[in-house]
file final.cif (mmCIF, C-alpha atoms and all ligand atoms)
data_structure
#
loop_
_atom_site.label_atom_id
_atom_site.label_comp_id
_atom_site.auth_asym_id
_atom_site.auth_seq_id
_atom_site.Cartn_x
_atom_site.Cartn_y
_atom_site.Cartn_z
CA MET A 300 0.00 0.00 0.00
CA SER A 301 2.78 2.43 0.81
CA ASP A 302 4.88 1.43 -2.22
CA GLN A 303 6.09 4.50 -4.05
CA GLN A 304 4.51 4.65 -7.46
CA GLN A 305 4.63 7.19 -10.22
CA PRO A 306 1.93 9.78 -9.64
CA SER A 307 0.02 10.34 -12.84
CA THR A 308 -1.87 13.47 -11.92
CA PRO A 309 -0.44 16.94 -12.49
CA GLN A 310 1.45 18.11 -9.42
CA PRO A 311 1.69 21.68 -8.16
CA PRO A 312 5.22 23.10 -8.21
CA ALA A 313 7.36 21.91 -5.33
CA THR A 314 8.37 24.53 -2.82
CA ALA A 315 11.52 24.99 -0.78
CA THR A 316 9.50 24.37 2.35
CA GLY A 317 9.27 20.78 3.54
CA PRO A 318 5.95 19.08 4.24
CA ASP A 319 6.50 19.16 8.01
CA SER A 320 7.41 22.77 8.53
CA GLY A 321 4.29 24.00 10.27
CA THR A 322 2.09 26.63 8.71
CA ASP A 323 4.84 28.54 6.91
CA SER A 324 3.86 29.78 3.53
CA GLY A 325 4.27 26.94 1.05
CA ALA A 326 3.80 24.18 3.62
CA VAL A 327 0.19 23.59 2.64
CA ALA A 328 1.09 23.39 -1.04
CA ALA A 329 3.87 20.91 -0.30
CA ARG A 330 1.65 18.74 1.86
CA LEU A 331 -1.07 18.86 -0.78
CA ALA A 332 1.40 17.61 -3.35
CA ALA A 333 2.23 14.69 -1.05
CA VAL A 334 -1.47 13.91 -0.55
CA ARG A 335 -2.06 13.94 -4.30
CA GLU A 336 0.82 11.51 -4.68
CA ARG A 337 -0.73 9.22 -2.08
CA ILE A 338 -4.04 9.32 -3.92
CA ALA A 339 -2.40 8.62 -7.27
CA ALA A 340 -0.34 5.76 -5.85
CA ALA A 341 -3.37 4.21 -4.15
CA ALA A 342 -5.46 4.50 -7.31
CA ASP A 343 -2.65 2.97 -9.31
CA ALA A 344 -2.32 0.09 -6.86
CA ALA A 345 -6.07 -0.51 -7.15
CA GLY A 346 -5.96 -0.41 -10.95
CA ARG A 347 -8.05 2.74 -10.97
CA ASP A 348 -7.68 6.03 -12.81
CA PRO A 349 -6.50 8.61 -10.22
CA ARG A 350 -8.90 11.10 -11.81
CA GLU A 351 -11.77 9.02 -10.42
CA VAL A 352 -10.76 10.09 -6.91
CA ARG A 353 -11.48 13.64 -5.90
CA LEU A 354 -9.77 15.36 -2.99
CA LEU A 355 -11.98 17.15 -0.50
CA VAL A 356 -9.93 19.23 1.90
CA ALA A 357 -11.42 19.18 5.41
CA THR A 358 -10.93 22.69 6.77
CA LYS A 359 -12.31 22.42 10.30
CA THR A 360 -10.42 24.57 12.85
CA GLN A 361 -8.34 26.13 10.05
CA PRO A 362 -8.34 29.92 9.61
CA PRO A 363 -9.42 31.45 6.29
CA GLU A 364 -5.74 32.13 5.39
CA ALA A 365 -4.94 28.41 5.50
CA VAL A 366 -8.01 27.65 3.41
CA LEU A 367 -6.98 30.26 0.83
CA GLU A 368 -3.51 28.70 0.69
CA ALA A 369 -5.11 25.38 -0.19
CA LEU A 370 -7.26 27.02 -2.85
CA ALA A 371 -4.20 28.72 -4.34
CA ALA A 372 -2.66 25.25 -4.64
CA GLY A 373 -5.56 24.06 -6.78
CA VAL A 374 -8.09 22.70 -4.29
CA ASP A 375 -11.63 22.90 -5.69
CA LEU A 376 -13.60 21.11 -2.98
CA ILE A 377 -13.57 21.83 0.75
CA GLY A 378 -15.59 20.47 3.64
CA GLU A 379 -16.67 22.03 6.93
CA ASN A 380 -17.98 20.23 10.01
CA ARG A 381 -19.61 23.03 11.90
CA VAL A 382 -22.18 25.44 10.54
CA GLN A 383 -20.61 28.24 12.57
CA GLU A 384 -17.24 27.77 10.81
CA LEU A 385 -18.91 27.28 7.46
CA VAL A 386 -20.64 30.65 7.82
CA ALA A 387 -17.56 32.40 9.23
CA LYS A 388 -15.37 31.36 6.30
CA ALA A 389 -18.03 31.83 3.63
CA PRO A 390 -17.07 35.44 2.75
CA ALA A 391 -13.44 34.42 2.10
CA VAL A 392 -14.50 31.90 -0.53
CA ALA A 393 -17.78 33.35 -1.82
CA ASP A 394 -16.28 34.71 -5.05
CA ARG A 395 -14.85 31.34 -6.02
CA VAL A 396 -18.06 29.54 -5.18
CA ALA A 397 -20.06 32.04 -7.25
CA ALA A 398 -17.63 31.56 -10.15
CA GLY A 399 -18.17 27.81 -10.00
CA GLU A 400 -14.49 27.24 -9.14
CA LEU A 401 -15.07 25.87 -5.67
CA GLU A 402 -17.53 23.52 -4.05
CA VAL A 403 -18.18 23.60 -0.33
CA HIS A 404 -19.61 20.54 1.37
CA MET A 405 -21.04 20.31 4.85
CA ILE A 406 -19.46 17.15 6.29
CA GLY A 407 -20.56 17.45 9.90
CA HIS A 408 -23.88 16.63 11.51
CA LEU A 409 -26.55 19.16 10.59
CA GLN A 410 -29.20 20.35 12.99
CA ARG A 411 -32.52 21.29 11.55
CA ASN A 412 -32.40 24.88 12.87
CA LYS A 413 -29.24 25.51 10.81
CA ILE A 414 -30.63 24.43 7.45
CA ASN A 415 -30.96 27.97 6.10
CA GLN A 416 -27.34 28.79 6.86
CA VAL A 417 -26.17 25.67 5.06
CA LEU A 418 -28.35 26.41 2.06
CA ALA A 419 -26.92 29.93 1.88
CA THR A 420 -23.26 28.92 2.04
CA ALA A 421 -22.72 25.27 1.06
CA THR A 422 -23.01 23.66 -2.35
CA GLY A 423 -23.56 20.20 -0.91
CA LEU A 424 -24.37 18.21 2.21
CA GLU A 425 -22.68 14.85 2.83
CA THR A 426 -24.34 14.02 6.14
CA LEU A 427 -27.99 13.44 5.41
CA ASP A 428 -29.15 10.73 7.79
CA SER A 429 -32.89 11.09 8.25
CA LEU A 430 -35.90 11.48 6.02
CA ASP A 431 -37.29 14.20 8.28
CA LEU A 432 -34.20 16.34 7.74
CA ALA A 433 -34.23 15.56 4.02
CA ARG A 434 -37.87 16.68 3.69
CA SER A 435 -37.20 19.91 5.58
CA ILE A 436 -34.24 20.76 3.34
CA SER A 437 -36.12 19.83 0.19
CA ASP A 438 -39.11 21.95 1.18
CA ARG A 439 -36.89 24.97 1.66
CA CYS A 440 -35.12 24.40 -1.64
CA VAL A 441 -38.44 24.19 -3.42
CA ARG A 442 -39.59 27.37 -1.73
CA ASP A 443 -36.40 29.05 -3.03
CA GLY A 444 -37.08 27.77 -6.53
CA ARG A 445 -34.27 25.22 -6.30
CA THR A 446 -35.48 22.05 -7.94
CA GLY A 447 -34.10 19.55 -10.43
CA GLU A 448 -30.53 20.36 -11.43
CA ARG A 449 -30.51 23.30 -9.00
CA GLY A 450 -31.51 21.19 -6.01
CA LEU A 451 -29.03 20.79 -3.17
CA GLU A 452 -26.50 18.02 -3.77
CA VAL A 453 -26.71 15.53 -0.93
CA MET A 454 -25.10 12.30 0.13
CA VAL A 455 -26.60 9.87 2.60
CA GLN A 456 -24.28 9.30 5.56
CA VAL A 457 -24.04 5.66 6.52
CA ASN A 458 -22.71 4.39 9.83
CA VAL A 459 -20.85 1.30 8.66
CA THR A 460 -19.17 0.62 12.00
CA GLY A 461 -22.25 0.58 14.21
CA GLU A 462 -20.49 2.84 16.73
CA GLU A 463 -22.98 4.79 18.82
CA SER A 464 -20.78 7.88 18.67
CA LYS A 465 -21.09 8.14 14.91
CA SER A 466 -23.93 9.73 12.98
CA GLY A 467 -25.42 8.11 9.96
CA VAL A 468 -28.12 5.66 9.07
CA GLY A 469 -27.39 1.94 9.49
CA PRO A 470 -26.33 0.10 6.33
CA ASP A 471 -29.54 -1.95 6.34
CA ASP A 472 -31.67 1.20 6.25
CA ALA A 473 -29.49 3.24 3.90
CA GLY A 474 -31.02 1.99 0.68
CA ALA A 475 -34.57 2.88 1.70
CA LEU A 476 -33.50 6.33 2.91
CA ALA A 477 -31.54 6.98 -0.28
CA THR A 478 -34.46 5.97 -2.46
CA ALA A 479 -36.81 8.28 -0.55
CA VAL A 480 -34.30 11.15 -0.66
CA ALA A 481 -33.76 10.70 -4.39
CA ALA A 482 -37.46 11.23 -4.97
CA LEU A 483 -37.58 14.62 -3.20
CA PRO A 484 -37.85 17.56 -5.61
CA GLY A 485 -35.38 19.92 -3.88
CA LEU A 486 -32.53 17.44 -3.47
CA ARG A 487 -30.12 15.77 -5.85
CA LEU A 488 -28.73 12.52 -4.48
CA THR A 489 -25.08 12.21 -5.53
CA GLY A 490 -23.97 9.27 -3.40
CA PHE A 491 -22.95 8.05 0.03
CA MET A 492 -20.56 9.08 2.77
CA THR A 493 -19.07 7.26 5.73
CA ILE A 494 -16.48 7.74 8.45
CA GLY A 495 -14.50 4.52 8.72
CA ALA A 496 -13.54 2.67 11.85
CA HIS A 497 -10.41 4.17 13.40
CA LEU A 498 -7.27 2.27 12.48
CA ASP A 499 -6.07 2.49 16.09
CA ASP A 500 -9.13 0.55 17.23
CA ALA A 501 -9.76 -1.77 14.30
CA ALA A 502 -7.75 -4.04 12.05
CA GLU A 503 -7.11 -2.95 8.49
CA HIS A 504 -9.44 -5.61 7.11
CA THR A 505 -12.25 -4.35 9.37
CA VAL A 506 -11.80 -0.79 8.13
CA ARG A 507 -11.80 -2.04 4.54
CA ALA A 508 -14.91 -4.13 5.14
CA GLY A 509 -16.74 -0.99 6.27
CA PHE A 510 -15.79 0.81 3.06
CA ALA A 511 -16.81 -2.24 1.02
CA ARG A 512 -20.16 -2.12 2.78
CA LEU A 513 -20.72 1.46 1.67
CA ARG A 514 -19.90 0.47 -1.89
CA ALA A 515 -22.41 -2.38 -1.70
CA VAL A 516 -25.09 0.04 -0.48
CA ARG A 517 -24.39 2.32 -3.43
CA ASP A 518 -24.33 -0.50 -5.94
CA ASP A 519 -27.70 -1.81 -4.68
CA VAL A 520 -29.25 1.66 -4.92
CA LEU A 521 -27.88 2.21 -8.42
CA ALA A 522 -29.12 -1.23 -9.49
CA SER A 523 -32.61 -0.46 -8.14
CA GLY A 524 -33.22 1.99 -10.94
CA ALA A 525 -35.50 3.96 -8.61
CA PRO A 526 -36.30 7.53 -9.73
CA GLY A 527 -33.48 9.98 -8.99
CA THR A 528 -30.97 7.32 -7.94
CA GLY A 529 -29.03 7.23 -11.21
CA SER A 530 -26.82 10.10 -10.06
CA ALA A 531 -25.92 8.44 -6.74
CA THR A 532 -22.46 7.34 -7.88
CA GLU A 533 -20.19 8.99 -5.31
CA LEU A 534 -18.51 7.24 -2.39
CA SER A 535 -17.08 9.79 0.06
CA MET A 536 -14.83 7.73 2.30
CA GLY A 537 -11.25 7.74 3.53
CA MET A 538 -9.34 10.36 5.51
CA THR A 539 -5.69 11.03 6.34
CA GLY A 540 -5.18 7.68 8.07
CA ASP A 541 -7.09 5.38 5.77
CA LEU A 542 -7.43 6.94 2.34
CA GLU A 543 -5.49 4.10 0.67
CA LEU A 544 -7.93 1.52 2.06
CA ALA A 545 -10.90 3.61 0.92
CA ILE A 546 -9.51 4.06 -2.58
CA ALA A 547 -8.91 0.32 -2.79
CA GLU A 548 -12.63 -0.12 -2.04
CA GLY A 549 -13.81 2.41 -4.59
CA ALA A 550 -13.77 5.84 -2.94
CA THR A 551 -14.55 8.65 -5.38
CA VAL A 552 -14.02 11.39 -2.77
CA VAL A 553 -11.45 11.30 0.03
CA ARG A 554 -11.75 13.87 2.81
CA VAL A 555 -8.37 14.95 4.08
CA GLY A 556 -7.51 17.46 6.80
CA THR A 557 -4.46 16.53 8.87
CA ALA A 558 -2.28 15.51 5.94
CA VAL A 559 -2.93 18.89 4.31
CA PHE A 560 -2.74 21.28 7.27
CA GLY A 561 -0.77 19.33 9.87
CA PRO A 562 -2.19 18.16 13.21
CA ARG A 563 -5.15 20.11 14.56
CA PRO A 564 -4.81 21.71 17.98
CA LYS A 565 -6.52 19.55 20.60
CA PRO A 566 -9.78 21.13 21.74
C1 LIG A 601 -11.93 16.00 10.16
C2 LIG A 601 -12.66 15.18 9.19
C3 LIG A 601 -12.01 14.60 8.09
C4 LIG A 601 -10.53 14.71 7.87
O1 LIG A 601 -9.85 13.99 8.86
P1 LIG A 601 -8.26 13.92 8.89
O2 LIG A 601 -7.99 12.69 9.66
O3 LIG A 601 -7.79 15.16 9.54
O4 LIG A 601 -7.80 13.80 7.49
C5 LIG A 601 -12.79 13.88 7.20
N1 LIG A 601 -14.12 13.72 7.35
C6 LIG A 601 -14.77 14.26 8.39
C7 LIG A 601 -16.24 14.05 8.51
C8 LIG A 601 -14.07 14.99 9.35
O5 LIG A 601 -14.72 15.50 10.39
#

call {"tool": "encode", "arguments": {"input": "final.cif", "output": "structure tokens"}}
result
Amino acid sequence: MSDQQQPSTPQPPATATGPDSGTDSGAVAARLAAVRERIAAAADAAGRDPREVRLLVATKTQPPEAVLEALAAGVDLIGENRVQELVAKAPAVADRVAAGELEVHMIGHLQRNKINQVLATATGLETLDSLDLARSISDRCVRDGRTGERGLEVMVQVNVTGEESKSGVGPDDAGALATAVAALPGLRLTGFMTIGAHLDDAAEHTVRAGFARLRAVRDDVLASGAPGTGSATELSMGMTGDLELAIAEGATVVRVGTAVFGPRPKP
């Protein structure tokens, strides 16, 4: 898995600053280059085209300056966990979002009273885990005239590990939720998201099995042919510690924070 392979995606220019040199200018670009190499190597090892795997940069706890550094290095998809941070950083990235150069996904649990803020600032939501929430969001989109292609892009979050601490619908219920979500007029179902078991707590094969489970959920939903499910092709899975395992199991989006920005300060 960690074999060095030739990256086949375009790399940003290397900088004089090493990947471990804190938040100095250039450090984010250098770390991003290393992450892109990891993605390319993992795709290669899995016999996949690296262009099938999109990098989402997880920007929680990072200041706008760090986010802008990532954007300058070619990042076109970021994810926020908390609505408060999403809203706080929105002005810094609004121009790029408006220009269609940047997508912003909500990747943390969403409370119903924050729906309007998410609709105003995010281009997608990866953490849909109840039909109630889905209906509320859809209703508001419809009210705003956002239907069909202009509906909010959503993924259904699936809890593949069964851990109580994790959000998401259980894998056995994910298909039914996805089918119902896909039929709502204000939403566009693009796929499925999961947070894998932590490699410190689980064996590699257990983590992989969780990712394989998410792929099976997606494949079943796609095979159902139910209205609106044809676009549900994405698998958002894999983070700094396990992106190789996720890519081996078919990830189309990996969400990476630590490997791009360095360790987050402990809360
Ligand atoms: C923080 C976070 C990530 C990125 O995790 P790293 O281990 O820092 O790469 C990915 N997905 C979600 C939902 C997160 O909260």

call {"tool": "residues_near_ligand", "arguments": {"input": "final.cif", "ligand": "ligand LIG 601 (chain A)", "cutoff": "9 Å", "atoms": "only C-alpha atoms and all ligand atoms", "output": "PDB file with C-alpha atoms, in the frame of the given file"}}
result
ATOM      1  CA  LEU A 355     -11.980  17.150  -0.500  1.00  0.00           C
ATOM      2  CA  VAL A 356      -9.930  19.230   1.900  1.00  0.00           C
ATOM      3  CA  ALA A 357     -11.420  19.180   5.410  1.00  0.00           C
ATOM      4  CA  THR A 358     -10.930  22.690   6.770  1.00  0.00           C
ATOM      5  CA  LYS A 359     -12.310  22.420  10.300  1.00  0.00           C
ATOM      6  CA  GLY A 378     -15.590  20.470   3.640  1.00  0.00           C
ATOM      7  CA  GLU A 379     -16.670  22.030   6.930  1.00  0.00           C
ATOM      8  CA  ASN A 380     -17.980  20.230  10.010  1.00  0.00           C
ATOM      9  CA  MET A 405     -21.040  20.310   4.850  1.00  0.00           C
ATOM     10  CA  ILE A 406     -19.460  17.150   6.290  1.00  0.00           C
ATOM     11  CA  GLY A 407     -20.560  17.450   9.900  1.00  0.00           C
ATOM     12  CA  HIS A 408     -23.880  16.630  11.510  1.00  0.00           C
ATOM     13  CA  GLU A 425     -22.680  14.850   2.830  1.00  0.00           C
ATOM     14  CA  THR A 426     -24.340  14.020   6.140  1.00  0.00           C
ATOM     15  CA  MET A 492     -20.560   9.080   2.770  1.00  0.00           C
ATOM     16  CA  THR A 493     -19.070   7.260   5.730  1.00  0.00           C
ATOM     17  CA  ILE A 494     -16.480   7.740   8.450  1.00  0.00           C
ATOM     18  CA  SER A 535     -17.080   9.790   0.060  1.00  0.00           C
ATOM     19  CA  MET A 536     -14.830   7.730   2.300  1.00  0.00           C
ATOM     20  CA  GLY A 537     -11.250   7.740   3.530  1.00  0.00           C
ATOM     21  CA  MET A 538      -9.340  10.360   5.510  1.00  0.00           C
ATOM     22  CA  THR A 539      -5.690  11.030   6.340  1.00  0.00           C
ATOM     23  CA  GLY A 540      -5.180   7.680   8.070  1.00  0.00           C
ATOM     24  CA  ASP A 541      -7.090   5.380   5.770  1.00  0.00           C
ATOM     25  CA  LEU A 542      -7.430   6.940   2.340  1.00  0.00           C
ATOM     26  CA  VAL A 553     -11.450  11.300   0.030  1.00  0.00           C
ATOM     27  CA  ARG A 554     -11.750  13.870   2.810  1.00  0.00           C
ATOM     28  CA  VAL A 555      -8.370  14.950   4.080  1.00  0.00           C
ATOM     29  CA  GLY A 556      -7.510  17.460   6.800  1.00  0.00           C
ATOM     30  CA  THR A 557      -4.460  16.530   8.870  1.00  0.00           C
ATOM     31  CA  ALA A 558      -2.280  15.510   5.940  1.00  0.00           C
ATOM     32  CA  VAL A 559      -2.930  18.890   4.310  1.00  0.00           C
ATOM     33  CA  PHE A 560      -2.740  21.280   7.270  1.00  0.00           C
ATOM     34  CA  GLY A 561      -0.770  19.330   9.870  1.00  0.00           C
ATOM     35  CA  PRO A 562      -2.190  18.160  13.210  1.00  0.00           C
ATOM     36  CA  ARG A 563      -5.150  20.110  14.560  1.00  0.00           C
TER      37      ARG A 563
END

call {"tool": "residues_around", "arguments": {"input": "final.cif", "residues": "segment 462-474 of chain A", "least_positions_apart": "2", "cutoff": "8 Å", "atoms": "only C-alpha atoms", "output": "VMD selection string"}}
result
chain A and resid 408 426 to 429 455 to 460 476 to 478 493 to 494 512 to 513 516 to 517 519 to 520

call {"tool": "write_last_selection", "arguments": {"input": "final.cif", "atoms": "C-alpha atoms", "output": "PDB file, in the frame of the given file"}}
result
ATOM      1  CA  HIS A 408     -23.880  16.630  11.510  1.00  0.00           C
ATOM      2  CA  THR A 426     -24.340  14.020   6.140  1.00  0.00           C
ATOM      3  CA  LEU A 427     -27.990  13.440   5.410  1.00  0.00           C
ATOM      4  CA  ASP A 428     -29.150  10.730   7.790  1.00  0.00           C
ATOM      5  CA  SER A 429     -32.890  11.090   8.250  1.00  0.00           C
ATOM      6  CA  VAL A 455     -26.600   9.870   2.600  1.00  0.00           C
ATOM      7  CA  GLN A 456     -24.280   9.300   5.560  1.00  0.00           C
ATOM      8  CA  VAL A 457     -24.040   5.660   6.520  1.00  0.00           C
ATOM      9  CA  ASN A 458     -22.710   4.390   9.830  1.00  0.00           C
ATOM     10  CA  VAL A 459     -20.850   1.300   8.660  1.00  0.00           C
ATOM     11  CA  THR A 460     -19.170   0.620  12.000  1.00  0.00           C
ATOM     12  CA  LEU A 476     -33.500   6.330   2.910  1.00  0.00           C
ATOM     13  CA  ALA A 477     -31.540   6.980  -0.280  1.00  0.00           C
ATOM     14  CA  THR A 478     -34.460   5.970  -2.460  1.00  0.00           C
ATOM     15  CA  THR A 493     -19.070   7.260   5.730  1.00  0.00           C
ATOM     16  CA  ILE A 494     -16.480   7.740   8.450  1.00  0.00           C
ATOM     17  CA  ARG A 512     -20.160  -2.120   2.780  1.00  0.00           C
ATOM     18  CA  LEU A 513     -20.720   1.460   1.670  1.00  0.00           C
ATOM     19  CA  VAL A 516     -25.090   0.040  -0.480  1.00  0.00           C
ATOM     20  CA  ARG A 517     -24.390   2.320  -3.430  1.00  0.00           C
ATOM     21  CA  ASP A 519     -27.700  -1.810  -4.680  1.00  0.00           C
ATOM     22  CA  VAL A 520     -29.250   1.660  -4.920  1.00  0.00           C
TER      23      VAL A 520
END

call {"tool": "closest_residue", "arguments": {"input": "final.cif", "among": "A:Gly447, A:Pro390, A:Gly509, A:Gly549", "to": "Thr420 of chain A", "atoms": "all atoms listed in the file"}}
result
A:Pro390

call {"tool": "atom_distance", "arguments": {"input": "final.cif", "atom1": "atom CA of His404 of chain A", "atom2": "atom CA of Gly423 of chain A"}}
result
4.6 Å

call {"tool": "residues_around", "arguments": {"input": "final.cif", "residues": "Asp348 of chain A", "least_positions_apart": "2", "cutoff": "12 Å", "atoms": "only C-alpha atoms", "output": "MDAnalysis selection string"}}
result
chainID A and resid 306:308 338:346 350:353 546:547 549:551

call {"tool": "residues_around", "arguments": {"input": "final.cif", "residues": "Ala372 of chain A", "least_positions_apart": "2", "cutoff": "10 Å", "atoms": "only C-alpha atoms", "output": "ChimeraX atom specification"}}
result
/A:310-312,325,327-329,331-332,366-370,374-375

call {"tool": "atom_distance", "arguments": {"input": "final.cif", "atom1": "atom CA of Ala508 of chain A", "atom2": "atom CA of Thr532 of chain A"}}
result
18.9 Å

call {"tool": "atom_distance", "arguments": {"input": "final.cif", "atom1": "atom CA of Ala433 of chain A", "atom2": "atom CA of Gly485 of chain A"}}
result
9.1 Å

call {"tool": "residues_near_point", "arguments": {"input": "final.cif", "point": "(-24.4, 9.0, -9.6)", "cutoff": "9 Å", "atoms": "only C-alpha atoms", "output": "NGL selection string"}}
result
:A and (488-490 or 521 or 528-533)

call {"tool": "build_atoms", "arguments": {"input": "final.cif", "residues": "segment 459-472 of chain A", "atoms": "N, CA and C atoms", "output": "PDB file, in the frame of the given file"}}
result
ATOM      1  N   VAL A 459     -21.201   2.684   9.013  1.00  0.00           N
ATOM      2  CA  VAL A 459     -20.850   1.300   8.660  1.00  0.00           C
ATOM      3  C   VAL A 459     -20.206   0.544   9.818  1.00  0.00           C
ATOM      4  N   THR A 460     -19.863   1.279  10.887  1.00  0.00           N
ATOM      5  CA  THR A 460     -19.170   0.620  12.000  1.00  0.00           C
ATOM      6  C   THR A 460     -20.105   0.260  13.140  1.00  0.00           C
ATOM      7  N   GLY A 461     -21.301   0.852  13.139  1.00  0.00           N
ATOM      8  CA  GLY A 461     -22.250   0.580  14.210  1.00  0.00           C
ATOM      9  C   GLY A 461     -21.903   1.280  15.514  1.00  0.00           C
ATOM     10  N   GLU A 462     -20.854   2.130  15.503  1.00  0.00           N
ATOM     11  CA  GLU A 462     -20.490   2.840  16.730  1.00  0.00           C
ATOM     12  C   GLU A 462     -21.545   3.871  17.076  1.00  0.00           C
ATOM     13  N   GLU A 463     -21.950   3.868  18.352  1.00  0.00           N
ATOM     14  CA  GLU A 463     -22.980   4.790  18.820  1.00  0.00           C
ATOM     15  C   GLU A 463     -22.569   6.244  18.609  1.00  0.00           C
ATOM     16  N   SER A 464     -21.278   6.505  18.723  1.00  0.00           N
ATOM     17  CA  SER A 464     -20.780   7.880  18.670  1.00  0.00           C
ATOM     18  C   SER A 464     -20.856   8.468  17.268  1.00  0.00           C
ATOM     19  N   LYS A 465     -21.098   7.631  16.285  1.00  0.00           N
ATOM     20  CA  LYS A 465     -21.090   8.140  14.910  1.00  0.00           C
ATOM     21  C   LYS A 465     -22.495   8.370  14.387  1.00  0.00           C
ATOM     22  N   SER A 466     -22.648   9.459  13.627  1.00  0.00           N
ATOM     23  CA  SER A 466     -23.930   9.730  12.980  1.00  0.00           C
ATOM     24  C   SER A 466     -24.055   8.810  11.778  1.00  0.00           C
ATOM     25  N   GLY A 467     -25.214   8.889  11.175  1.00  0.00           N
ATOM     26  CA  GLY A 467     -25.420   8.110   9.960  1.00  0.00           C
ATOM     27  C   GLY A 467     -26.480   7.045  10.163  1.00  0.00           C
ATOM     28  N   VAL A 468     -27.101   6.694   9.059  1.00  0.00           N
ATOM     29  CA  VAL A 468     -28.120   5.660   9.070  1.00  0.00           C
ATOM     30  C   VAL A 468     -27.409   4.304   8.993  1.00  0.00           C
ATOM     31  N   GLY A 469     -27.993   3.278   9.566  1.00  0.00           N
ATOM     32  CA  GLY A 469     -27.390   1.940   9.490  1.00  0.00           C
ATOM     33  C   GLY A 469     -27.388   1.437   8.058  1.00  0.00           C
ATOM     34  N   PRO A 470     -26.430   0.586   7.719  1.00  0.00           N
ATOM     35  CA  PRO A 470     -26.330   0.100   6.330  1.00  0.00           C
ATOM     36  C   PRO A 470     -27.601  -0.594   5.849  1.00  0.00           C
ATOM     37  N   ASP A 471     -28.324  -1.246   6.764  1.00  0.00           N
ATOM     38  CA  ASP A 471     -29.540  -1.950   6.340  1.00  0.00           C
ATOM     39  C   ASP A 471     -30.670  -0.995   5.976  1.00  0.00           C
ATOM     40  N   ASP A 472     -30.612   0.225   6.517  1.00  0.00           N
ATOM     41  CA  ASP A 472     -31.670   1.200   6.250  1.00  0.00           C
ATOM     42  C   ASP A 472     -31.272   2.236   5.201  1.00  0.00           C
TER      43      ASP A 472
END
